[in-house]
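Undergrad: Attaching a single structure in structure tokens format; questions to follow.
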Amino acid sequence: MIRFILNVLWAICGGLAMAFGWFVAGVLLAITIVGLPYAGAAWRIAGFALWPFGKEIVRREGPDLGTGALGGLMNIIWFILAGWWLALGHVVVAAAEAVSIIGIPFAIKDVQLAYIALAPIGRDVRRV
């Protein structure tokens, strides 16, 4: 029940807008051929940004596109072009949220969003 309340408060206080932004970014990435591999990662982040409580970020296991050397290279490209400033934005918001006791759970989720924004390829979001 507490997760549901936190998720609703999160969505009202900016999570819905953040998820929409990540979704639109995924659509824009999907339009370009070069950005297509990143679109799935942006949509995973959008799902996490919409309803983050009760979910965790994990590293994908197994031989697939995002777990090998190619995934590492894709993460380096992502970090240079977008990851560092997206993560910085989440950290700045987390610092503002952490000022109040009520905002601490939201700050923790923003730090997790910063973590996945740094290198989203090879990461997955799963329910706890």
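Letters for chains follow the order of the structure tokens (A, B, ...), residue numbers begin at 1 for each chain, and ligand numbers begin at 1 in the order shown.
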Let's see if you can do this: from backbone DSSP, list all alpha helix (DSSP H) residues in range 8-118 of chain A, as a ChimeraX atom specification.
TA: /A:8-10,16-31,36-50,69-78,84-97,104-118
Undergrad: Using only C-alpha atoms, which residue out of A:Ala25, A:Ala39, A:Ala107, A:Val125 lies closest to Leu86 in chain A?
TA: A:Ala25
Undergrad: Give the strand (DSSP E) residues of chain A, as assigned by DSSP on the backbone, as number ranges by chain.
TA: A: 55-59, 123-127
Undergrad: Quick one: everything within 9 Å of range 7-13 of chain A, counting only C-alpha atoms, minus sequence neighbours fewer than 3 positions away in the same chain. Send it as a list in words.
TA: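 Those residues are Ile2, Arg3, Phe4, Leu16, Ala17, Met18, Ala19, Ala49, Leu50, Trp51, Pro52, Phe53, Gly54 and Phe106 of chain A.
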Undergrad: With N, CA and C atoms retained, export the selected residues as a PDB file, in the first residue's frame.
TA:
```pdb
ATOM      1  N   ILE A   2       1.976   1.226   0.755  1.00  0.00           N
ATOM      2  CA  ILE A   2       2.840   2.400   0.820  1.00  0.00           C
ATOM      3  C   ILE A   2       3.511   2.651  -0.531  1.00  0.00           C
ATOM      4  N   ARG A   3       3.859   1.564  -1.254  1.00  0.00           N
ATOM      5  CA  ARG A   3       4.442   1.733  -2.582  1.00  0.00           C
ATOM      6  C   ARG A   3       3.458   2.420  -3.527  1.00  0.00           C
ATOM      7  N   PHE A   4       2.198   2.027  -3.443  1.00  0.00           N
ATOM      8  CA  PHE A   4       1.175   2.633  -4.298  1.00  0.00           C
ATOM      9  C   PHE A   4       1.060   4.124  -4.000  1.00  0.00           C
ATOM     10  N   LEU A  16       5.175  11.789 -13.895  1.00  0.00           N
ATOM     11  CA  LEU A  16       4.438  11.646 -15.146  1.00  0.00           C
ATOM     12  C   LEU A  16       5.112  12.452 -16.256  1.00  0.00           C
ATOM     13  N   ALA A  17       5.510  13.657 -15.944  1.00  0.00           N
ATOM     14  CA  ALA A  17       6.196  14.499 -16.933  1.00  0.00           C
ATOM     15  C   ALA A  17       7.551  13.903 -17.304  1.00  0.00           C
ATOM     16  N   MET A  18       8.260  13.369 -16.309  1.00  0.00           N
ATOM     17  CA  MET A  18       9.565  12.767 -16.569  1.00  0.00           C
ATOM     18  C   MET A  18       9.427  11.527 -17.453  1.00  0.00           C
ATOM     19  N   ALA A  19       8.434  10.696 -17.154  1.00  0.00           N
ATOM     20  CA  ALA A  19       8.198   9.496 -17.958  1.00  0.00           C
ATOM     21  C   ALA A  19       7.813   9.879 -19.383  1.00  0.00           C
ATOM     22  N   ALA A  49      10.566   5.574 -14.628  1.00  0.00           N
ATOM     23  CA  ALA A  49      10.302   6.949 -14.188  1.00  0.00           C
ATOM     24  C   ALA A  49       8.832   7.177 -13.875  1.00  0.00           C
ATOM     25  N   LEU A  50       7.946   6.422 -14.506  1.00  0.00           N
ATOM     26  CA  LEU A  50       6.519   6.590 -14.259  1.00  0.00           C
ATOM     27  C   LEU A  50       6.093   5.973 -12.932  1.00  0.00           C
ATOM     28  N   TRP A  51       6.583   4.794 -12.605  1.00  0.00           N
ATOM     29  CA  TRP A  51       6.122   4.027 -11.443  1.00  0.00           C
ATOM     30  C   TRP A  51       7.323   3.350 -10.797  1.00  0.00           C
ATOM     31  N   PRO A  52       8.218   4.082 -10.115  1.00  0.00           N
ATOM     32  CA  PRO A  52       9.506   3.519  -9.697  1.00  0.00           C
ATOM     33  C   PRO A  52       9.496   2.698  -8.408  1.00  0.00           C
ATOM     34  N   PHE A  53       8.551   2.955  -7.530  1.00  0.00           N
ATOM     35  CA  PHE A  53       8.588   2.257  -6.240  1.00  0.00           C
ATOM     36  C   PHE A  53       8.107   0.828  -6.423  1.00  0.00           C
ATOM     37  N   GLY A  54       8.890  -0.114  -5.924  1.00  0.00           N
ATOM     38  CA  GLY A  54       8.604  -1.524  -6.117  1.00  0.00           C
ATOM     39  C   GLY A  54       9.361  -2.104  -7.299  1.00  0.00           C
ATOM     40  N   PHE A 106      11.944  10.024  -2.724  1.00  0.00           N
ATOM     41  CA  PHE A 106      11.956  10.503  -4.102  1.00  0.00           C
ATOM     42  C   PHE A 106      13.392  10.778  -4.555  1.00  0.00           C
TER      43      PHE A 106
END
```
Undergrad: Would you mind listing what lies within 12 Å of Pro120 in chain A as a ChimeraX atom specification, with only C-alpha atoms counted and same-chain residues fewer than 4 positions away left out?
TA: /A:37-46,48,57-60,66-67,71-79,82-84,86-87,112-116,124-125
Undergrad: Using CA of Asp110 in chain A and CA of Val91 in chain A as the two end points, give the distance in Å to one decimal.
TA: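 Answer for the CA of Asp110 in chain A to CA of Val91 in chain A separation: 6.7 Å.
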Undergrad: For each of A:Met1, A:Leu81, A:Lys109, A:Gly122, take the minimum atom-to-atom distance to Glu56 in chain A, counting only C-alpha atoms, then give the residue where this is smallest.
TA: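 Comparing A:Met1, A:Leu81, A:Lys109, A:Gly122 against Glu56 in chain A, the winner is A:Lys109.
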Undergrad: As an exercise, work out the distance from CA of Trp85 in chain A to CA of Val99 in chain A in Å and give it to one decimal place.
TA: 21.8 Å
Undergrad: Have a look at A:Ala96, A:Ile101, A:His90, A:Gly68 and name the one nearest to Ile121 in chain A; count only C-alpha atoms.
TA: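 Nearest to Ile121 in chain A: A:Gly68.
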Undergrad: Provide the CA of Gly89 in chain A to CA of Ala119 in chain A distance in Å, to one decimal place.
TA: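 CA of Ala119 in chain A lies at a distance of 14.7 Å from CA of Gly89 in chain A.
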